[in-house]
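Data block below; observations after.
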Amino acid sequence: PGGVAVSKSNGKRYYVKRYENQEQVRNEKVANAFYQAAGVRVPEVTYVVENGQIVGVASVMIDGLTEGGNPRGVGAGFIMDSWLANWDVVGMAGDNLLTDSDGNAVRIDQGGALTTRAQGEPKGSRFGNEVTETTRLREKNEVFSRVSPADMRNGLDSLESISESDIARIVRENSTGDTEADNQLIKTLIARRSDLLSKRAELVDQSEVEFSEDTEALEADAELAAINVDGREFVRLGDEDVSDQERQLAERVRAKTGKTVKFVRQISGPTTNG
């Protein structure tokens, strides 16, 4: 459960969350610290302590955040999302990945990162040495469908800048006192970092192909929009709808002019002859 509290010492508003699972408390604080180390926008987070016990986290509330839109910086944090296994980075209703007043993405809730799920259950072996989230997160969240090659390269550079000693330091600085669990987390994060960095070429190449396909699709939509005027509507023909004679014609045009011929069919609106 969570709620809003105002600090008497600094007047700031905090969103306070209490967890029954101390490991999840640590995970949220540690994940936030790693995002900050990589330059990914997140709120400032502190531990909530009662009677000498850490019972939750308090996040500084950022004014002007809104849901929806297409904020900048979503793709820039994708590698960190994957490394940290932040399964709930977007949220069930898109309410964990928000947009600030300048149009930038802010990841406000890291409760589903690292070894625990958002509701506190352990991920077990699914949080292992191999990072599968570069595929999983894009399959589950449309917002990551247009992570660009530059996003991948920059994200991997940011991850590489966080050294193995940085990993150990950040985990220990944000420990809740379970040294054994901290050491296992450090070991796993170092292995996951190595796994991602070893796949640099593969990840960048894959994103280039997907980004290129998305760009081509947008260009195709724009081309159709340009001719769908005056009440006329055209659709592009698939390869199976194009005759051998038309394919030969298209190949002759391409060989002579270097241009690609795309066939369309009018499905509605007035027609003209000639």
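Chain lettering (A, B, ...) mirrors the order of the structure tokens, residue numbering begins at 1 for each chain separately, and ligand numbering begins at 1 in order of display.
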Residues of range 82-123 of chain A that have any atom at most 12 Å from an atom of range 186-201 of chain A: could you tabulate them with the shortest-distance atom pair and the distance in Å to one decimal, using only C-alpha atoms, ordered by chain and increasing number, as JSON lines?
```
{"residue": "A:Ser82", "atom": "CA", "partner": "A:Leu196", "partner_atom": "CA", "distance": 9.0}
{"residue": "A:Trp83", "atom": "CA", "partner": "A:Arg192", "partner_atom": "CA", "distance": 6.4}
{"residue": "A:Leu84", "atom": "CA", "partner": "A:Leu189", "partner_atom": "CA", "distance": 7.8}
{"residue": "A:Ala85", "atom": "CA", "partner": "A:Arg192", "partner_atom": "CA", "distance": 9.8}
{"residue": "A:Ala113", "atom": "CA", "partner": "A:Leu189", "partner_atom": "CA", "distance": 11.8}
{"residue": "A:Leu114", "atom": "CA", "partner": "A:Leu189", "partner_atom": "CA", "distance": 8.8}
{"residue": "A:Thr115", "atom": "CA", "partner": "A:Thr188", "partner_atom": "CA", "distance": 9.9}
```
Generate a file of the selected residues that holds all heavy atoms, formatted as a JSON list (two decimals), in the first residue's frame.
```
[["chain", "number", "residue", "atom", "x", "y", "z"],
["A", 82, "SER", "N", 16.14, -3.69, -19.26],
["A", 82, "SER", "CA", 16.40, -5.11, -19.52],
["A", 82, "SER", "C", 17.40, -5.67, -18.52],
["A", 82, "SER", "O", 17.19, -6.76, -17.96],
["A", 82, "SER", "CB", 16.93, -5.28, -20.95],
["A", 82, "SER", "OG", 16.00, -4.81, -21.91],
["A", 83, "TRP", "N", 18.49, -4.95, -18.30],
["A", 83, "TRP", "CA", 19.53, -5.42, -17.37],
["A", 83, "TRP", "C", 18.96, -5.63, -15.97],
["A", 83, "TRP", "O", 19.24, -6.62, -15.30],
["A", 83, "TRP", "CB", 20.67, -4.41, -17.34],
["A", 83, "TRP", "CG", 21.79, -4.76, -16.40],
["A", 83, "TRP", "CD1", 22.48, -5.94, -16.35],
["A", 83, "TRP", "CD2", 22.34, -3.91, -15.37],
["A", 83, "TRP", "NE1", 23.44, -5.88, -15.36],
["A", 83, "TRP", "CE2", 23.38, -4.65, -14.74],
["A", 83, "TRP", "CE3", 22.08, -2.61, -14.95],
["A", 83, "TRP", "CZ2", 24.15, -4.12, -13.70],
["A", 83, "TRP", "CZ3", 22.84, -2.09, -13.92],
["A", 83, "TRP", "CH2", 23.87, -2.84, -13.31],
["A", 84, "LEU", "N", 18.13, -4.67, -15.54],
["A", 84, "LEU", "CA", 17.55, -4.72, -14.19],
["A", 84, "LEU", "C", 16.30, -5.59, -14.12],
["A", 84, "LEU", "O", 15.70, -5.70, -13.04],
["A", 84, "LEU", "CB", 17.22, -3.30, -13.73],
["A", 84, "LEU", "CG", 18.41, -2.34, -13.61],
["A", 84, "LEU", "CD1", 17.92, -0.92, -13.37],
["A", 84, "LEU", "CD2", 19.36, -2.78, -12.50],
["A", 85, "ALA", "N", 15.92, -6.19, -15.26],
["A", 85, "ALA", "CA", 14.72, -7.03, -15.30],
["A", 85, "ALA", "C", 13.52, -6.29, -14.72],
["A", 85, "ALA", "O", 12.76, -6.83, -13.91],
["A", 85, "ALA", "CB", 14.94, -8.35, -14.56],
["A", 113, "ALA", "N", 11.53, -4.62, -10.30],
["A", 113, "ALA", "CA", 12.88, -4.81, -10.82],
["A", 113, "ALA", "C", 13.65, -5.85, -10.01],
["A", 113, "ALA", "O", 13.28, -6.19, -8.88],
["A", 113, "ALA", "CB", 13.65, -3.49, -10.81],
["A", 114, "LEU", "N", 14.71, -6.37, -10.61],
["A", 114, "LEU", "CA", 15.65, -7.29, -9.97],
["A", 114, "LEU", "C", 14.96, -8.59, -9.56],
["A", 114, "LEU", "O", 14.29, -9.20, -10.38],
["A", 114, "LEU", "CB", 16.36, -6.59, -8.82],
["A", 114, "LEU", "CG", 17.15, -5.33, -9.25],
["A", 114, "LEU", "CD1", 17.70, -4.59, -8.03],
["A", 114, "LEU", "CD2", 18.25, -5.69, -10.22],
["A", 115, "THR", "N", 15.10, -9.02, -8.32],
["A", 115, "THR", "CA", 14.74, -10.40, -7.96],
["A", 115, "THR", "C", 13.26, -10.63, -7.66],
["A", 115, "THR", "O", 12.83, -11.77, -7.49],
["A", 115, "THR", "CB", 15.54, -10.86, -6.73],
["A", 115, "THR", "OG1", 15.19, -10.03, -5.60],
["A", 115, "THR", "CG2", 17.04, -10.76, -6.98]]
```
Step one, run DSSP on the backbone; step two, keep only residues of range 14-164 of chain A assigned to helix (DSSP H, G or I); then write them as a PyMOL selection string. chain A and resi 22-37+75-83+124-126+133-140+142-144+149-161+164
Counting only C-alpha atoms, which residue out of A:Gln119, A:Gln53, A:Ser163, A:Ser7 sits closest to Phe34 in chain A?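 Of the candidates, the smallest distance to Phe34 in chain A is held by A:Ser163.
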My list of candidates is A:Asn32, A:Asn10, A:Asn86, A:Thr46. Which is closest to Phe127 in chain A when distances are computed with only C-alpha atoms?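 Under the stated criterion, the closest residue is A:Asn86.
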Using only C-alpha atoms, the shortest atom-to-atom distance to Tyr19 in chain A among A:Ala33, A:Val48, A:Leu65, A:Leu185 belongs to A:Val48
Excluding Leu203 in chain A and its own-chain neighbours fewer than 6 positions away, which residues fall within 9 Å of it when counting only C-alpha atoms? Please give them as a ChimeraX atom specification. /A:134,149,152-153,196
Output file for the residues above (N, CA and C atoms, as a compact mmCIF listing (two decimals), in the first residue's frame):
```txt
# COMPACT_ATOMS: atom_id res chain seq x y z
N THR A 134 15.45 -8.13 -23.32
CA THR A 134 15.52 -7.32 -24.54
C THR A 134 14.47 -7.78 -25.54
N PRO A 149 18.50 1.99 -33.14
CA PRO A 149 19.90 1.55 -33.02
C PRO A 149 20.72 2.48 -32.11
N MET A 152 20.02 1.67 -28.53
CA MET A 152 20.74 0.46 -28.13
C MET A 152 22.21 0.77 -27.86
N ARG A 153 22.84 1.47 -28.79
CA ARG A 153 24.27 1.78 -28.62
C ARG A 153 24.50 2.63 -27.38
N LEU A 196 24.86 -8.93 -21.68
CA LEU A 196 24.37 -7.88 -22.57
C LEU A 196 25.50 -7.29 -23.43
```
Using only C-alpha atoms, which residues sit within 8 Å of Glu23 in chain A once same-chain residues fewer than 2 positions away are excluded, as a ChimeraX atom specification? /A:21,25-27,115-116,176
Please list as a list in words every residue within 8 Å of Gly73 in chain A, counting only C-alpha atoms and excluding residues in the same chain fewer than 3 positions away. Val40, Ala76, Gly77, Asn104 and Ala105 of chain A
What is the distance between CA of Ile108 in chain A and CA of Asp81 in chain A, in Å to one decimal?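 Answer for the CA of Ile108 in chain A to CA of Asp81 in chain A separation: 12.5 Å.
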Might you pull out every residue within 8 Å of Ala58 in chain A, with only C-alpha atoms counted and same-chain residues fewer than 2 positions away left off, and present them as a ChimeraX atom specification? /A:14-17,45-48,56,60
Store the residues picked out above in a file with N, CA, C and O atoms, as a PDB file, in the first residue's frame.
```
ATOM      1  N   TYR A  14       6.160  13.257  -0.900  1.00  0.00           N
ATOM      2  CA  TYR A  14       6.703  11.935  -1.199  1.00  0.00           C
ATOM      3  C   TYR A  14       5.552  10.952  -1.407  1.00  0.00           C
ATOM      4  O   TYR A  14       4.504  11.050  -0.755  1.00  0.00           O
ATOM      5  N   TYR A  15       5.792  10.014  -2.335  1.00  0.00           N
ATOM      6  CA  TYR A  15       4.876   8.876  -2.435  1.00  0.00           C
ATOM      7  C   TYR A  15       5.525   7.738  -1.667  1.00  0.00           C
ATOM      8  O   TYR A  15       6.625   7.288  -2.004  1.00  0.00           O
ATOM      9  N   VAL A  16       4.863   7.294  -0.613  1.00  0.00           N
ATOM     10  CA  VAL A  16       5.446   6.317   0.307  1.00  0.00           C
ATOM     11  C   VAL A  16       4.811   4.953   0.067  1.00  0.00           C
ATOM     12  O   VAL A  16       3.584   4.808   0.016  1.00  0.00           O
ATOM     13  N   LYS A  17       5.677   3.949  -0.089  1.00  0.00           N
ATOM     14  CA  LYS A  17       5.204   2.572  -0.273  1.00  0.00           C
ATOM     15  C   LYS A  17       5.823   1.688   0.802  1.00  0.00           C
ATOM     16  O   LYS A  17       7.025   1.752   1.049  1.00  0.00           O
ATOM     17  N   VAL A  45      14.774   8.582  -4.342  1.00  0.00           N
ATOM     18  CA  VAL A  45      14.134   7.612  -3.457  1.00  0.00           C
ATOM     19  C   VAL A  45      14.943   7.461  -2.174  1.00  0.00           C
ATOM     20  O   VAL A  45      16.176   7.402  -2.213  1.00  0.00           O
ATOM     21  N   THR A  46      14.260   7.406  -1.042  1.00  0.00           N
ATOM     22  CA  THR A  46      14.913   7.145   0.246  1.00  0.00           C
ATOM     23  C   THR A  46      14.183   6.004   0.944  1.00  0.00           C
ATOM     24  O   THR A  46      13.031   5.682   0.610  1.00  0.00           O
ATOM     25  N   TYR A  47      14.847   5.413   1.924  1.00  0.00           N
ATOM     26  CA  TYR A  47      14.209   4.367   2.713  1.00  0.00           C
ATOM     27  C   TYR A  47      13.294   4.981   3.764  1.00  0.00           C
ATOM     28  O   TYR A  47      13.556   6.064   4.290  1.00  0.00           O
ATOM     29  N   VAL A  48      12.216   4.275   4.065  1.00  0.00           N
ATOM     30  CA  VAL A  48      11.335   4.628   5.170  1.00  0.00           C
ATOM     31  C   VAL A  48      11.730   3.747   6.362  1.00  0.00           C
ATOM     32  O   VAL A  48      11.737   2.515   6.249  1.00  0.00           O
ATOM     33  N   GLY A  56       9.973   0.416   3.956  1.00  0.00           N
ATOM     34  CA  GLY A  56       9.474   0.821   2.644  1.00  0.00           C
ATOM     35  C   GLY A  56      10.363   1.854   1.997  1.00  0.00           C
ATOM     36  O   GLY A  56      11.494   2.104   2.432  1.00  0.00           O
ATOM     37  N   VAL A  60      10.317  11.042  -4.096  1.00  0.00           N
ATOM     38  CA  VAL A  60       9.960  12.453  -4.254  1.00  0.00           C
ATOM     39  C   VAL A  60       8.999  12.596  -5.429  1.00  0.00           C
ATOM     40  O   VAL A  60       9.271  12.106  -6.532  1.00  0.00           O
TER      41      VAL A  60
END
```
Which residues are near Asn141 in chain A? Cut-off 10 Å, only C-alpha atoms, ignore same chain within fewer than 6 positions. Put them as a PyMOL selection string. chain A and resi 87-92+94
Those residues you just picked out, can you put them in a file as a PDB file, in the first residue's frame with all heavy atoms?
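Writing the result to result29.pdb gives the following:
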```
ATOM      1  N   TRP A  87      10.388  -5.677 -15.030  1.00  0.00           N
ATOM      2  CA  TRP A  87       9.247  -6.190 -15.778  1.00  0.00           C
ATOM      3  C   TRP A  87       8.047  -5.248 -15.756  1.00  0.00           C
ATOM      4  O   TRP A  87       7.243  -5.227 -16.684  1.00  0.00           O
ATOM      5  CB  TRP A  87       8.822  -7.543 -15.203  1.00  0.00           C
ATOM      6  CG  TRP A  87       9.835  -8.638 -15.388  1.00  0.00           C
ATOM      7  CD1 TRP A  87      11.047  -8.549 -16.028  1.00  0.00           C
ATOM      8  CD2 TRP A  87       9.733  -9.980 -14.922  1.00  0.00           C
ATOM      9  NE1 TRP A  87      11.699  -9.757 -15.987  1.00  0.00           N
ATOM     10  CE2 TRP A  87      10.920 -10.655 -15.309  1.00  0.00           C
ATOM     11  CE3 TRP A  87       8.761 -10.689 -14.216  1.00  0.00           C
ATOM     12  CZ2 TRP A  87      11.142 -12.003 -15.019  1.00  0.00           C
ATOM     13  CZ3 TRP A  87       8.993 -12.022 -13.912  1.00  0.00           C
ATOM     14  CH2 TRP A  87      10.161 -12.676 -14.318  1.00  0.00           C
ATOM     15  N   ASP A  88       7.913  -4.476 -14.706  1.00  0.00           N
ATOM     16  CA  ASP A  88       6.738  -3.606 -14.563  1.00  0.00           C
ATOM     17  C   ASP A  88       7.079  -2.146 -14.857  1.00  0.00           C
ATOM     18  O   ASP A  88       6.428  -1.237 -14.352  1.00  0.00           O
ATOM     19  CB  ASP A  88       6.175  -3.734 -13.140  1.00  0.00           C
ATOM     20  CG  ASP A  88       4.735  -3.258 -13.031  1.00  0.00           C
ATOM     21  OD1 ASP A  88       3.960  -3.495 -13.967  1.00  0.00           O
ATOM     22  OD2 ASP A  88       4.382  -2.656 -12.003  1.00  0.00           O
ATOM     23  N   VAL A  89       8.097  -1.931 -15.668  1.00  0.00           N
ATOM     24  CA  VAL A  89       8.573  -0.563 -15.927  1.00  0.00           C
ATOM     25  C   VAL A  89       7.477   0.320 -16.514  1.00  0.00           C
ATOM     26  O   VAL A  89       7.394   1.507 -16.211  1.00  0.00           O
ATOM     27  CB  VAL A  89       9.818  -0.577 -16.842  1.00  0.00           C
ATOM     28  CG1 VAL A  89       9.537  -1.262 -18.170  1.00  0.00           C
ATOM     29  CG2 VAL A  89      10.336   0.837 -17.073  1.00  0.00           C
ATOM     30  N   VAL A  90       6.610  -0.255 -17.355  1.00  0.00           N
ATOM     31  CA  VAL A  90       5.547   0.538 -17.985  1.00  0.00           C
ATOM     32  C   VAL A  90       4.316   0.598 -17.092  1.00  0.00           C
ATOM     33  O   VAL A  90       3.664   1.634 -16.994  1.00  0.00           O
ATOM     34  CB  VAL A  90       5.181  -0.048 -19.364  1.00  0.00           C
ATOM     35  CG1 VAL A  90       3.993   0.707 -19.983  1.00  0.00           C
ATOM     36  CG2 VAL A  90       6.386   0.023 -20.304  1.00  0.00           C
ATOM     37  N   GLY A  91       4.022  -0.502 -16.397  1.00  0.00           N
ATOM     38  CA  GLY A  91       2.829  -0.551 -15.562  1.00  0.00           C
ATOM     39  C   GLY A  91       1.655  -1.146 -16.311  1.00  0.00           C
ATOM     40  O   GLY A  91       1.584  -1.079 -17.538  1.00  0.00           O
ATOM     41  N   MET A  92       0.730  -1.723 -15.584  1.00  0.00           N
ATOM     42  CA  MET A  92      -0.431  -2.376 -16.195  1.00  0.00           C
ATOM     43  C   MET A  92      -1.236  -1.414 -17.058  1.00  0.00           C
ATOM     44  O   MET A  92      -1.784  -1.778 -18.091  1.00  0.00           O
ATOM     45  CB  MET A  92      -1.330  -2.959 -15.096  1.00  0.00           C
ATOM     46  CG  MET A  92      -0.704  -4.145 -14.370  1.00  0.00           C
ATOM     47  SD  MET A  92      -0.554  -5.603 -15.436  1.00  0.00           S
ATOM     48  CE  MET A  92      -2.279  -6.035 -15.630  1.00  0.00           C
ATOM     49  N   GLY A  94       0.064   1.700 -18.036  1.00  0.00           N
ATOM     50  CA  GLY A  94       0.984   2.741 -18.487  1.00  0.00           C
ATOM     51  C   GLY A  94       1.238   3.799 -17.442  1.00  0.00           C
ATOM     52  O   GLY A  94       1.658   4.916 -17.772  1.00  0.00           O
TER      53      GLY A  94
END
```
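The spacing separating CA of Ser145 in chain A from CA of Lys123 in chain A amounts to 24.5 Å.
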Atomic distance CA of Ile167 in chain A - CA of Ile79 in chain A, expressed in Å with one decimal: 15.6 Å
Pick the closest to Glu202 in chain A from A:Leu156, A:Asp63, A:Arg169, A:Gly124: which is it, counting only C-alpha atoms? A:Leu156
